[in-house]
Structures are given as structure tokens and as C-alpha cells.
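Asks: My structure is in data30.txt, and what it holds is compact mmCIF, C-alpha atoms:
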```txt
# COMPACT_ATOMS: atom_id res chain seq x y z
CA MET A 1 27.80 -0.21 -1.70
CA ALA A 2 27.29 3.05 -3.56
CA SER A 3 24.14 5.14 -3.31
CA PHE A 4 21.87 5.20 -6.34
CA PHE A 5 19.45 8.01 -5.55
CA VAL A 6 18.44 11.38 -6.85
CA ALA A 7 16.66 13.97 -4.74
CA LEU A 8 12.87 13.98 -4.74
CA PRO A 9 11.58 17.47 -5.57
CA SER A 10 9.81 18.96 -2.56
CA SER A 11 7.07 20.39 -4.77
CA LEU A 12 6.03 16.97 -6.02
CA ALA A 13 2.48 16.03 -5.03
CA GLY A 14 2.44 12.42 -6.18
CA PRO A 15 4.72 9.48 -6.85
CA VAL A 16 7.76 9.75 -9.10
CA THR A 17 8.43 7.32 -11.91
CA ALA A 18 11.78 7.82 -13.61
CA ALA A 19 12.49 6.29 -16.99
CA GLY A 20 13.56 2.67 -17.20
CA THR A 21 12.24 -0.76 -16.30
CA PRO A 22 13.28 -2.42 -13.02
CA ASP A 23 15.72 -5.25 -13.68
CA LEU A 24 14.36 -8.16 -11.66
CA ASN A 25 17.51 -10.14 -12.46
CA ALA A 26 19.79 -7.69 -10.65
CA PRO A 27 18.70 -7.67 -6.99
CA GLN A 28 20.61 -5.56 -4.46
CA GLU A 29 19.95 -6.06 -0.77
CA VAL A 30 19.41 -2.69 0.91
CA ALA A 31 18.54 -3.88 4.41
CA ARG A 32 18.04 -7.09 6.40
CA ASP A 33 16.76 -8.20 9.80
CA ILE A 34 13.77 -5.84 9.64
CA ASP A 35 10.92 -6.93 11.92
CA ALA A 36 7.75 -7.50 9.86
CA PRO A 37 8.19 -4.54 7.47
CA TRP A 38 4.95 -3.02 6.17
CA GLY A 39 4.96 0.62 5.05
CA LEU A 40 7.80 1.94 2.87
CA THR A 41 8.23 5.51 1.64
CA PHE A 42 10.99 7.83 0.45
CA LEU A 43 12.46 10.98 1.95
CA PRO A 44 13.63 13.91 -0.20
CA ASP A 45 17.30 12.92 0.32
CA GLY A 46 16.66 9.55 -1.37
CA ALA A 47 16.74 7.43 1.77
CA ALA A 48 13.66 5.43 2.70
CA LEU A 49 11.59 4.96 5.82
CA VAL A 50 10.30 1.48 6.63
CA ALA A 51 7.67 0.66 9.25
CA GLU A 52 7.99 -2.37 11.50
CA ARG A 53 4.44 -3.60 12.02
CA ASP A 54 4.84 -5.24 15.40
CA THR A 55 7.36 -2.95 17.13
CA GLY A 56 5.96 0.42 16.02
CA VAL A 57 9.48 1.41 14.99
CA ILE A 58 10.33 3.38 11.86
CA LYS A 59 13.81 2.87 10.44
CA ARG A 60 15.76 4.90 7.93
CA ILE A 61 17.40 2.75 5.27
CA ALA A 62 19.71 3.45 2.36
CA PRO A 63 22.14 1.35 0.32
CA GLY A 64 25.48 0.86 2.04
CA THR A 65 24.29 1.99 5.47
CA THR A 66 23.01 0.22 8.56
CA PRO A 67 19.26 0.69 9.19
CA THR A 68 18.74 3.30 11.90
CA GLN A 69 15.72 3.78 14.14
CA VAL A 70 14.44 7.33 13.63
CA TYR A 71 11.04 7.12 15.34
CA ARG A 72 8.74 4.89 17.36
CA VAL A 73 5.03 5.54 16.96
CA PRO A 74 3.43 5.51 20.42
CA GLY A 75 0.21 3.61 21.06
CA VAL A 76 0.65 0.89 18.43
CA VAL A 77 -1.25 -2.29 19.35
CA ALA A 78 0.04 -5.11 17.15
CA ARG A 79 -2.31 -8.08 17.09
CA GLY A 80 -3.07 -10.33 14.14
CA GLU A 81 -2.83 -8.22 10.99
CA GLY A 82 -2.85 -4.96 12.95
CA GLY A 83 0.05 -2.78 14.02
CA LEU A 84 2.10 -0.04 12.39
CA LEU A 85 1.04 -0.28 8.75
CA GLY A 86 1.24 2.34 5.99
CA LEU A 87 3.65 5.27 5.79
CA ALA A 88 3.62 8.35 3.56
CA VAL A 89 5.86 11.41 3.38
CA SER A 90 4.23 14.80 2.92
CA PRO A 91 4.55 16.20 -0.62
CA LYS A 92 5.74 19.35 1.16
CA TYR A 93 8.18 17.55 3.43
CA ALA A 94 10.94 20.08 2.78
CA GLU A 95 8.64 22.77 4.20
CA ASN A 96 6.76 20.97 6.99
CA GLY A 97 8.74 17.80 7.77
CA TYR A 98 5.60 15.67 8.13
CA VAL A 99 5.49 11.90 7.97
CA TYR A 100 2.08 10.17 8.01
CA ALA A 101 1.37 6.74 9.49
CA TYR A 102 -1.65 4.45 9.62
CA PHE A 103 -1.70 2.18 12.66
CA THR A 104 -3.82 0.04 14.92
CA ALA A 105 -4.38 1.60 18.34
CA SER A 106 -6.21 0.26 21.40
CA GLY A 107 -9.66 1.15 20.08
CA ASP A 108 -9.40 1.78 16.35
CA ASN A 109 -7.22 2.17 13.29
CA ARG A 110 -6.08 5.75 12.87
CA ILE A 111 -3.83 8.09 10.93
CA VAL A 112 -1.30 10.37 12.58
CA ARG A 113 1.26 12.81 11.30
CA PHE A 114 4.48 13.84 12.98
CA ARG A 115 7.95 15.19 12.51
CA LEU A 116 10.74 12.75 13.22
CA ASP A 117 11.77 14.86 16.20
CA GLY A 118 8.22 15.51 17.51
CA GLN A 119 5.03 14.04 18.89
CA PRO A 120 2.29 12.52 16.68
CA GLN A 121 -0.97 14.33 15.98
CA ALA A 122 -4.03 12.20 15.22
CA ILE A 123 -5.68 13.54 12.06
CA PHE A 124 -8.20 10.77 11.32
CA THR A 125 -9.60 8.24 13.79
CA GLY A 126 -12.44 5.77 14.11
CA ILE A 127 -11.55 3.22 11.43
CA ALA A 128 -12.74 -0.15 12.73
CA LYS A 129 -10.00 -2.53 13.93
CA ALA A 130 -9.84 -6.31 14.29
CA ASN A 131 -7.30 -9.11 14.08
CA ILE A 132 -8.02 -9.18 10.34
CA HIS A 133 -8.88 -6.80 7.49
CA ASN A 134 -7.35 -3.60 8.87
CA GLY A 135 -6.42 -2.19 5.45
CA GLY A 136 -3.58 0.22 6.13
CA ARG A 137 -2.13 1.55 2.89
CA ILE A 138 -1.80 5.34 2.63
CA ALA A 139 -0.37 7.38 -0.25
CA PHE A 140 -0.44 10.94 -1.51
CA GLY A 141 -1.94 11.21 -4.97
CA PRO A 142 -0.94 13.50 -7.84
CA ASP A 143 -3.58 15.95 -6.54
CA GLY A 144 -1.77 16.33 -3.21
CA MET A 145 -4.55 14.57 -1.30
CA LEU A 146 -4.02 11.60 1.05
CA TYR A 147 -5.66 8.36 -0.10
CA VAL A 148 -6.36 5.64 2.45
CA GLY A 149 -7.18 1.96 1.90
CA THR A 150 -9.26 0.46 4.71
CA GLY A 151 -10.70 -2.99 5.45
CA ASP A 152 -14.05 -4.18 6.71
CA ALA A 153 -12.48 -5.44 9.98
CA GLY A 154 -14.39 -8.68 9.55
CA GLN A 155 -17.83 -7.06 9.41
CA ARG A 156 -19.04 -7.23 5.81
CA ASN A 157 -21.91 -4.76 6.17
CA ARG A 158 -19.48 -1.91 6.80
CA SER A 159 -18.25 -1.98 3.20
CA GLN A 160 -21.64 -0.92 1.81
CA ASP A 161 -22.38 1.59 4.60
CA PRO A 162 -21.53 5.08 3.29
CA ALA A 163 -21.38 6.39 6.87
CA SER A 164 -18.58 3.98 7.82
CA PRO A 165 -14.94 4.63 6.84
CA SER A 166 -14.30 0.87 6.81
CA GLY A 167 -14.17 -1.14 3.58
CA LYS A 168 -13.46 2.01 1.61
CA ILE A 169 -10.87 4.10 -0.15
CA LEU A 170 -10.84 7.46 1.60
CA ARG A 171 -9.60 10.75 0.20
CA LEU A 172 -8.42 13.28 2.77
CA ASP A 173 -6.72 16.65 2.69
CA PRO A 174 -3.29 16.82 4.39
CA ASP A 175 -4.99 17.83 7.67
CA GLY A 176 -7.15 14.70 7.67
CA LYS A 177 -10.40 16.38 6.65
CA PRO A 178 -12.61 15.16 3.77
CA ALA A 179 -10.93 16.39 0.62
CA PRO A 180 -12.59 18.99 -1.60
CA GLY A 181 -14.36 17.43 -4.56
CA ASN A 182 -15.17 14.12 -2.89
CA PRO A 183 -18.32 12.41 -4.24
CA THR A 184 -20.31 13.37 -1.12
CA PRO A 185 -19.51 16.77 0.43
CA ASN A 186 -17.99 16.52 3.92
CA SER A 187 -17.54 12.75 3.56
CA PRO A 188 -14.06 11.17 3.31
CA VAL A 189 -15.36 8.29 1.15
CA TYR A 190 -13.96 8.16 -2.37
CA SER A 191 -15.03 4.60 -3.28
CA LEU A 192 -16.83 1.82 -1.41
CA GLY A 193 -17.60 -1.89 -1.51
CA HIS A 194 -14.07 -3.01 -0.63
CA ARG A 195 -13.12 -5.98 1.54
CA ASN A 196 -9.51 -5.18 2.44
CA VAL A 197 -7.58 -2.70 0.32
CA GLN A 198 -3.82 -3.30 0.49
CA GLY A 199 -2.21 -1.38 -2.37
CA LEU A 200 -2.65 2.05 -3.96
CA ALA A 201 -0.72 3.44 -6.92
CA TRP A 202 -1.15 5.87 -9.82
CA ASP A 203 0.02 5.53 -13.39
CA ALA A 204 1.67 8.28 -15.41
CA THR A 205 -1.70 9.70 -16.50
CA GLY A 206 -3.06 9.90 -12.92
CA ARG A 207 -5.27 6.80 -12.96
CA LEU A 208 -5.56 5.14 -9.55
CA TYR A 209 -5.32 1.37 -9.14
CA ALA A 210 -5.79 -0.70 -5.98
CA THR A 211 -5.15 -4.27 -4.88
CA GLU A 212 -7.60 -6.09 -2.64
CA PHE A 213 -7.75 -9.34 -0.68
CA GLY A 214 -10.61 -11.61 -1.65
CA GLN A 215 -12.47 -14.00 0.63
CA ASP A 216 -11.79 -17.59 -0.43
CA THR A 217 -11.84 -17.43 -4.21
CA TYR A 218 -10.69 -14.24 -5.93
CA ASP A 219 -8.16 -11.52 -5.23
CA GLU A 220 -8.42 -8.33 -7.27
CA VAL A 221 -6.81 -5.39 -9.01
CA ASN A 222 -9.28 -2.55 -9.49
CA LEU A 223 -9.20 0.68 -11.46
CA ILE A 224 -10.52 3.14 -8.88
CA GLU A 225 -12.87 5.94 -9.82
CA ALA A 226 -14.74 8.32 -7.55
CA LYS A 227 -18.12 7.15 -6.24
CA ARG A 228 -17.77 3.66 -7.69
CA ASN A 229 -18.97 0.66 -5.71
CA TYR A 230 -16.66 -2.36 -6.01
CA GLY A 231 -19.21 -4.87 -4.85
CA TRP A 232 -18.11 -6.46 -1.61
CA PRO A 233 -19.77 -8.41 -0.03
CA VAL A 234 -22.37 -8.85 -2.80
CA VAL A 235 -19.74 -9.66 -5.43
CA GLU A 236 -16.31 -11.27 -5.00
CA GLY A 237 -14.19 -11.04 -8.13
CA LYS A 238 -16.05 -10.55 -11.40
CA GLY A 239 -19.82 -10.97 -11.28
CA ASP A 240 -23.20 -9.42 -11.91
CA THR A 241 -22.80 -5.63 -11.84
CA GLN A 242 -26.57 -5.19 -11.45
CA ASN A 243 -26.80 -2.79 -14.37
CA GLY A 244 -23.71 -0.85 -13.40
CA ARG A 245 -24.34 -0.58 -9.67
CA TYR A 246 -21.10 -2.50 -9.04
CA THR A 247 -17.74 -2.24 -10.78
CA ASN A 248 -15.83 -5.38 -11.73
CA PRO A 249 -12.07 -5.74 -11.20
CA LEU A 250 -9.65 -5.66 -14.13
CA VAL A 251 -7.66 -8.65 -12.89
CA THR A 252 -8.46 -11.54 -10.57
CA TRP A 253 -6.41 -14.43 -9.20
CA SER A 254 -7.09 -17.35 -6.92
CA THR A 255 -6.18 -16.50 -3.34
CA SER A 256 -3.48 -19.20 -3.35
CA GLU A 257 -1.72 -17.46 -6.24
CA ALA A 258 -1.78 -13.99 -4.82
CA SER A 259 -3.12 -12.57 -1.54
CA PRO A 260 -1.93 -9.26 -3.02
CA SER A 261 -0.53 -6.60 -0.74
CA GLY A 262 1.37 -3.57 -2.02
CA LEU A 263 1.23 -2.16 -5.54
CA ALA A 264 3.65 -0.05 -7.56
CA ILE A 265 3.46 1.23 -11.14
CA THR A 266 6.31 2.15 -13.45
CA ALA A 267 7.21 1.74 -17.14
CA ASN A 268 3.56 0.96 -18.03
CA THR A 269 3.60 -2.05 -15.72
CA LEU A 270 1.88 -2.82 -12.44
CA TYR A 271 3.98 -4.62 -9.83
CA VAL A 272 1.90 -6.52 -7.26
CA ALA A 273 3.50 -8.16 -4.21
CA ALA A 274 1.91 -11.49 -3.29
CA LEU A 275 1.95 -12.81 0.27
CA ARG A 276 0.46 -16.30 0.16
CA GLY A 277 1.43 -16.58 -3.51
CA GLN A 278 5.10 -15.77 -2.72
CA ARG A 279 5.74 -14.04 -6.01
CA LEU A 280 5.80 -10.64 -7.68
CA TRP A 281 3.12 -10.25 -10.33
CA THR A 282 3.90 -7.96 -13.26
CA ILE A 283 0.89 -6.75 -15.24
CA PRO A 284 1.42 -4.83 -18.51
CA GLN A 285 -0.82 -1.81 -18.87
CA ARG A 286 -2.57 -0.89 -22.09
CA ALA A 287 -2.96 2.72 -23.23
CA ASP A 288 -6.64 2.81 -22.27
CA GLY A 289 -5.90 1.78 -18.69
CA THR A 290 -6.98 -1.84 -19.06
CA LEU A 291 -4.51 -4.56 -18.14
CA ASP A 292 -2.91 -7.46 -19.97
CA ARG A 293 -2.31 -10.95 -18.58
CA PRO A 294 -0.31 -11.04 -15.30
CA VAL A 295 3.09 -12.71 -15.30
CA ALA A 296 4.53 -14.34 -12.15
CA GLN A 297 8.07 -13.23 -11.26
CA LEU A 298 10.44 -14.17 -8.40
CA ARG A 299 8.28 -17.19 -7.65
CA SER A 300 9.17 -18.45 -4.12
CA LYS A 301 12.60 -16.79 -4.38
CA TYR A 302 12.14 -14.53 -1.37
CA GLY A 303 9.05 -16.02 0.28
CA ARG A 304 6.13 -13.76 1.14
CA LEU A 305 6.27 -10.29 -0.45
CA ARG A 306 4.59 -7.24 1.08
CA THR A 307 5.43 -3.82 -0.34
CA PRO A 308 6.89 -2.68 -3.68
CA VAL A 309 7.68 1.02 -4.11
CA VAL A 310 9.21 2.87 -7.04
CA ALA A 311 12.16 4.99 -5.90
CA PRO A 312 12.83 8.47 -7.28
CA ASP A 313 15.48 7.03 -9.62
CA GLY A 314 13.05 4.46 -11.07
CA ALA A 315 14.38 1.47 -9.14
CA LEU A 316 11.86 -0.89 -7.57
CA TRP A 317 12.25 -1.52 -3.84
CA LEU A 318 10.54 -4.59 -2.41
CA THR A 319 10.04 -5.83 1.14
CA THR A 320 9.71 -9.46 2.17
CA SER A 321 7.19 -10.50 4.84
CA ASN A 322 8.36 -13.77 6.36
CA THR A 323 8.54 -12.61 9.99
CA ASP A 324 4.86 -11.63 10.14
CA GLY A 325 3.81 -14.90 11.76
CA ARG A 326 2.66 -16.54 8.54
CA GLY A 327 5.87 -17.10 6.67
CA THR A 328 8.91 -19.36 6.78
CA VAL A 329 11.78 -17.26 8.09
CA ARG A 330 14.95 -17.36 6.02
CA ALA A 331 18.42 -16.09 6.84
CA GLY A 332 18.40 -12.28 6.84
CA ASP A 333 14.62 -11.94 6.98
CA ASP A 334 12.95 -9.68 6.65
CA ARG A 335 14.73 -7.85 3.88
CA VAL A 336 14.40 -4.84 1.59
CA ILE A 337 15.62 -5.52 -1.92
CA ARG A 338 16.34 -3.04 -4.70
CA PHE A 339 15.98 -3.76 -8.44
CA PRO A 340 17.67 -1.00 -10.50
CA ALA A 341 15.99 0.58 -13.50
CA ARG A 342 17.57 -0.07 -16.88
```
Please, can you express the file's structure as C-alpha cells?

Replies:
Amino acid sequence: MASFFVALPSSLAGPVTAAGTPDLNAPQEVARDIDAPWGLTFLPDGAALVAERDTGVIKRIAPGTTPTQVYRVPGVVARGEGGLLGLAVSPKYAENGYVYAYFTASGDNRIVRFRLDGQPQAIFTGIAKANIHNGGRIAFGPDGMLYVGTGDAGQRNRSQDPASPSGKILRLDPDGKPAPGNPTPNSPVYSLGHRNVQGLAWDATGRLYATEFGQDTYDEVNLIEAKRNYGWPVVEGKGDTQNGRYTNPLVTWSTSEASPSGLAITANTLYVAALRGQRLWTIPQRADGTLDRPVAQLRSKYGRLRTPVVAPDGALWLTTSNTDGRGTVRAGDDRVIRFPAR
């Protein structure tokens, strides 16, 4: 199979979205037999790195090649929803070679950075861990800062506690320190009142959106703005904002339809991977940042879906999540599938 990639500029601070809409009717299998894939990110040469949640292994994948182990993150403790979760490549990878990972350790969830031929350095620690609600998504924004989605680790009060990093979206500099310009000086907290943030993505204008697991009723897509409080555990889904104290989501689903994990944005459309819902939701975006009615795609075709990422050439890459202990394993699972941009 031929390669379909262009190089990612090393100066780029945020995600790339090339022109074209991913063709969901033209799937191309990039990799198979991946063990519970979670994080997915691209290297400057166009290949991708995928994290195996339960093994702590990172594999390099590219069309037409066999997946190759390039790193194993030490200290990963994979229990329940925990393990090796989000991955991000430094915007200055060509200069510093850093890869970032969010993982569950023996005592906490933490973020490390490392070179593929070196030892990891912990840059942010102390995020509460549990068998559930570990968050885990990390991504560099257009401003070059590292954004982190965390969960409440099963303790609801953490989400409203500004001193806790749990149940938040954090904004860090590349060294793991609170980023300049955060709502509270010397605090990593960018937004609060989250239950379990699973997806982070920016549109072409720099607006940040996030997906979030609900409790029993409503899953969410939120437009994230600094200092906003997204309501958990006082509000699940849309509800009383208490005169603007809380911010309502733009989109909600029943948990059976979604359980949304990763999020990608390209061609004025949000792509949301659904685990329990076993489908890919596409959500058209209006010019003002609001969202149109979601449309279910790939319904039950691949089983549980975890992480969509837009490649440098505009293609959409998507991981399945059937070997995570909650899915029905199919031949070749788990897989990474590519949908080319047209």
C-alpha cells in the first residue's frame, strides 16, 4: 500500500487540517492487532504513534508497513480505565524530539515527556487515579501550550475544587508548569466542572471543543473557554446555569448513543468517536461556533470507536476499541483505519 502523507512542519504549534472532507466510504486499514489503542498522534515524517493502554507500549504505524514498537513507558499500571492513555508530539519535535504521554501510575495519573531513545521525565503529577474517570487526553493547542483533559476519578467534589487538577481541563507550558495567561496565576486550571474529559480539538479559528462522558443520562460536547465552569456534578447535560455560573454543552446525547471518547475537527465538521454507541458522530459546525444536529456514521461497522485524529494530509485516522475489556472482539481487532480526504 502506498504512503499518503506530507511532512508536518516542525514550527507548527497546533493541529493541521488540510483541505478536503474525509471519505467515510473509502476505509483503508493502516494497522491491526493493536492491544487496546488509546492515544494517537503524528510524527513529522507522517507516520503515527499509537499507545497501547494495557501494555504501556507505543508503536509506530504507517500505511504499508508492519507496526513497530518504538517505546515502552515504564511504570504504567493498567487497571479498569487506567493505563497508557493520551499521546502528543512536541510542536518543536524536529528540534527537541519530545513525545508526551499521560498515564496511570501506581499512585496517580501523570504526564511525562521523553525522546524515543531516552528515559521519561515526569512534568506533571498528582492527578487522581481510579478504575474509572481517569481522563487522559492531551493535545498541543495553536498557542503551543499543552492542554490536558482529566476526570474526577469517581469523586464528584473534585470537579468543583479549584485546587484539584481532577475534573478539569488544564493548560500547561511544554515543561509542565501552569501556562502564562491562565485564569488564575500559577494554577494549571483552564476550565472546571468536568466529569471525565475524553476529547480535545480546535477548529480553524482556534476555538477549543471537548467531549465528556456523562453519568447515566447525557454525554456532552462543550465549547471550552477559559475560566468557565461546565457544571458537574451540579448539572449533567443542559440545565439551570444559575445566572451564568455554569455553561451548558452545545450537544448532548443519551449515554447509550455515545459514550464519546476522542474528538477531531476538519472541514467545518466535528468527528466524535463513540464507545458504547459504536458509531462515529459527525457534527456540522456553524460559522459562529455553534453546532448543527449530529449525524451517526459507521453505525456498528467497527464496534467501539476510541480516537479520531486528522492527519497532516487531511485524512481521518480512527482507532477501534474492542479489546479494552468492554467490546466484542472481531477479527483483526483492534485496528487503525484511515479515511482519505477528498

Asks: Show which residues sit within 6 Å of segment 99-111 of chain A, as a VMD selection string. Count only C-alpha atoms, and ignore same-chain residues fewer than 3 positions away.

Replies: chain A and resid 75 to 77 82 to 90 114 122 to 129 136

Asks: Which distance in Å separates atom CA of Thr282 of chain A and atom CA of Gly262 of chain A, to one decimal?

Replies: 12.3 Å

Asks: Between A:Val112, A:Leu192, A:Ala94, A:Leu200, which one has atoms that come closest to Asp175 of chain A, using all atoms listed in the file?

Replies: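 When distances to Asp175 of chain A are compared using all atoms listed in the file, the smallest one comes from A:Val112.
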
Asks: Grab the atom CA of Ala341 of chain A to atom CA of Leu250 of chain A distance for me, in Å with one decimal place.

Replies: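 So the answer is 26.4 Å.
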
Asks: Choose the residue, out of A:Leu170, A:Ile337, A:Ile61, A:Ile34, that has the smallest atom-to-atom separation from Asn322 of chain A; count only C-alpha atoms.

Replies: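 Of the candidates, the smallest distance to Asn322 of chain A is held by A:Ile34.
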
Asks: Residues near Arg137 of chain A, anyone? I mean within 6 Å using only C-alpha atoms, not counting same-chain ones fewer than 3 positions away, as a list in words.

Replies: Gly86, Val148, Gly149 and Gln198 of chain A

Asks: Skipping near chain neighbours, those fewer than 3 positions away, what residues fall within 12 Å of Ser261 of chain A using all atoms listed in the file, listed as a ChimeraX atom specification?

Replies: /A:38-39,85-86,133,135-137,149,196-201,210-214,219-221,255,258,264,271-281,304-309,318-321

Asks: Can you work out which one of A:Asp152, A:Thr266, A:Gly239, A:Tyr246 has the shortest atom-to-atom distance to Asp203 of chain A, counting only C-alpha atoms?

Replies: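 Among the listed residues, the smallest separation from Asp203 of chain A belongs to A:Thr266.
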
Asks: If you measure from atom CA of Ile169 of chain A to atom CA of Pro185 of chain A, what distance in Å do you get, rounded to one decimal?

Replies: 15.3 Å

Asks: Ranking A:Trp317, A:Pro174, A:Tyr190, A:Thr241 by minimum distance to Thr150 of chain A and counting all atoms listed in the file, which one comes first?

Replies: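 Answer, going by the shortest atom-to-atom distance: A:Tyr190.
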
Asks: Which of these residues is nearest to Ala267 of chain A, using only C-alpha atoms: A:Trp202, A:Phe140, A:Tyr230, A:Phe42?

Replies: A:Trp202

Asks: List the spatial neighbours of Asn25 of chain A as a list of chain:residue names - criterion: any atom at most 12 Å away, all atoms listed in the file, same-chain residues fewer than 5 positions off excluded.

Replies: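 Counting all atoms listed in the file, the residues come to A:Gln297, A:Leu298, A:Lys301, A:Leu316, A:Ile337, A:Arg338, A:Phe339, A:Pro340, A:Ala341, A:Arg342.
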
Asks: Neighbouring residues of Gln285 of chain A were defined as those with any atom within 12 Å, considering only C-alpha atoms; residues of the same chain fewer than 3 positions away were excluded. Please report them as an MDAnalysis selection string.

Replies: chainID A and resid 202:205 207 209 223 250:251 265:271 282 288:294

Asks: Determine the nearest neighbour of Lys227 of chain A from the options A:Gly314, A:Pro44, A:Gly181, A:Gly206, counting all atoms listed in the file.

Replies: A:Gly181

Asks: Output as a tab-separated table (two decimals), keeping the file's coordinate frame: segment 44-72 of chain A, completed with N, CA and C atoms.

Replies:
```tsv
chain	number	residue	atom	x	y	z
A	44	PRO	N	13.07	13.11	0.89
A	44	PRO	CA	13.63	13.91	-0.20
A	44	PRO	C	15.11	13.65	-0.46
A	45	ASP	N	15.87	13.17	0.54
A	45	ASP	CA	17.30	12.92	0.32
A	45	ASP	C	17.56	11.58	-0.35
A	46	GLY	N	16.49	10.82	-0.68
A	46	GLY	CA	16.66	9.55	-1.37
A	46	GLY	C	16.70	8.35	-0.47
A	47	ALA	N	16.85	8.54	0.84
A	47	ALA	CA	16.74	7.43	1.77
A	47	ALA	C	15.28	7.07	1.94
A	48	ALA	N	15.03	5.90	2.50
A	48	ALA	CA	13.66	5.43	2.70
A	48	ALA	C	13.36	5.26	4.17
A	49	LEU	N	12.08	5.32	4.50
A	49	LEU	CA	11.59	4.96	5.82
A	49	LEU	C	10.80	3.68	5.69
A	50	VAL	N	11.03	2.74	6.62
A	50	VAL	CA	10.30	1.48	6.63
A	50	VAL	C	9.67	1.30	8.00
A	51	ALA	N	8.41	0.86	8.01
A	51	ALA	CA	7.67	0.66	9.25
A	51	ALA	C	7.74	-0.80	9.67
A	52	GLU	N	8.06	-1.04	10.94
A	52	GLU	CA	7.99	-2.37	11.50
A	52	GLU	C	6.61	-2.54	12.14
A	53	ARG	N	5.83	-3.45	11.60
A	53	ARG	CA	4.44	-3.60	12.02
A	53	ARG	C	4.29	-3.86	13.51
A	54	ASP	N	5.08	-4.77	14.05
A	54	ASP	CA	4.84	-5.24	15.40
A	54	ASP	C	5.54	-4.43	16.48
A	55	THR	N	6.62	-3.73	16.13
A	55	THR	CA	7.36	-2.95	17.13
A	55	THR	C	6.93	-1.49	17.17
A	56	GLY	N	6.29	-1.00	16.11
A	56	GLY	CA	5.96	0.42	16.02
A	56	GLY	C	7.14	1.29	15.66
A	57	VAL	N	8.26	0.67	15.31
A	57	VAL	CA	9.48	1.41	14.99
A	57	VAL	C	9.52	1.77	13.51
A	58	ILE	N	10.04	2.96	13.22
A	58	ILE	CA	10.33	3.38	11.86
A	58	ILE	C	11.84	3.49	11.72
A	59	LYS	N	12.37	2.84	10.68
A	59	LYS	CA	13.81	2.87	10.44
A	59	LYS	C	14.12	3.58	9.14
A	60	ARG	N	15.25	4.27	9.14
A	60	ARG	CA	15.76	4.90	7.93
A	60	ARG	C	16.72	3.93	7.28
A	61	ILE	N	16.54	3.68	5.97
A	61	ILE	CA	17.40	2.75	5.27
A	61	ILE	C	17.89	3.38	3.98
A	62	ALA	N	19.10	3.01	3.60
A	62	ALA	CA	19.71	3.45	2.36
A	62	ALA	C	20.80	2.46	2.00
A	63	PRO	N	21.08	2.28	0.71
A	63	PRO	CA	22.14	1.35	0.32
A	63	PRO	C	23.47	1.69	0.96
A	64	GLY	N	24.16	0.66	1.47
A	64	GLY	CA	25.48	0.86	2.04
A	64	GLY	C	25.50	1.38	3.45
A	65	THR	N	24.34	1.51	4.09
A	65	THR	CA	24.29	1.99	5.47
A	65	THR	C	23.51	1.01	6.32
A	66	THR	N	23.74	1.06	7.63
A	66	THR	CA	23.01	0.22	8.56
A	66	THR	C	21.66	0.87	8.87
A	67	PRO	N	20.56	0.11	8.84
A	67	PRO	CA	19.26	0.69	9.19
A	67	PRO	C	19.32	1.35	10.58
A	68	THR	N	18.70	2.52	10.66
A	68	THR	CA	18.74	3.30	11.90
A	68	THR	C	17.33	3.64	12.35
A	69	GLN	N	17.03	3.38	13.61
A	69	GLN	CA	15.72	3.78	14.14
A	69	GLN	C	15.65	5.30	14.22
A	70	VAL	N	14.61	5.87	13.61
A	70	VAL	CA	14.44	7.33	13.63
A	70	VAL	C	13.17	7.75	14.36
A	71	TYR	N	12.29	6.76	14.66
A	71	TYR	CA	11.04	7.12	15.34
A	71	TYR	C	10.38	5.84	15.83
A	72	ARG	N	9.62	5.96	16.91
A	72	ARG	CA	8.74	4.89	17.36
A	72	ARG	C	7.36	5.50	17.56
```
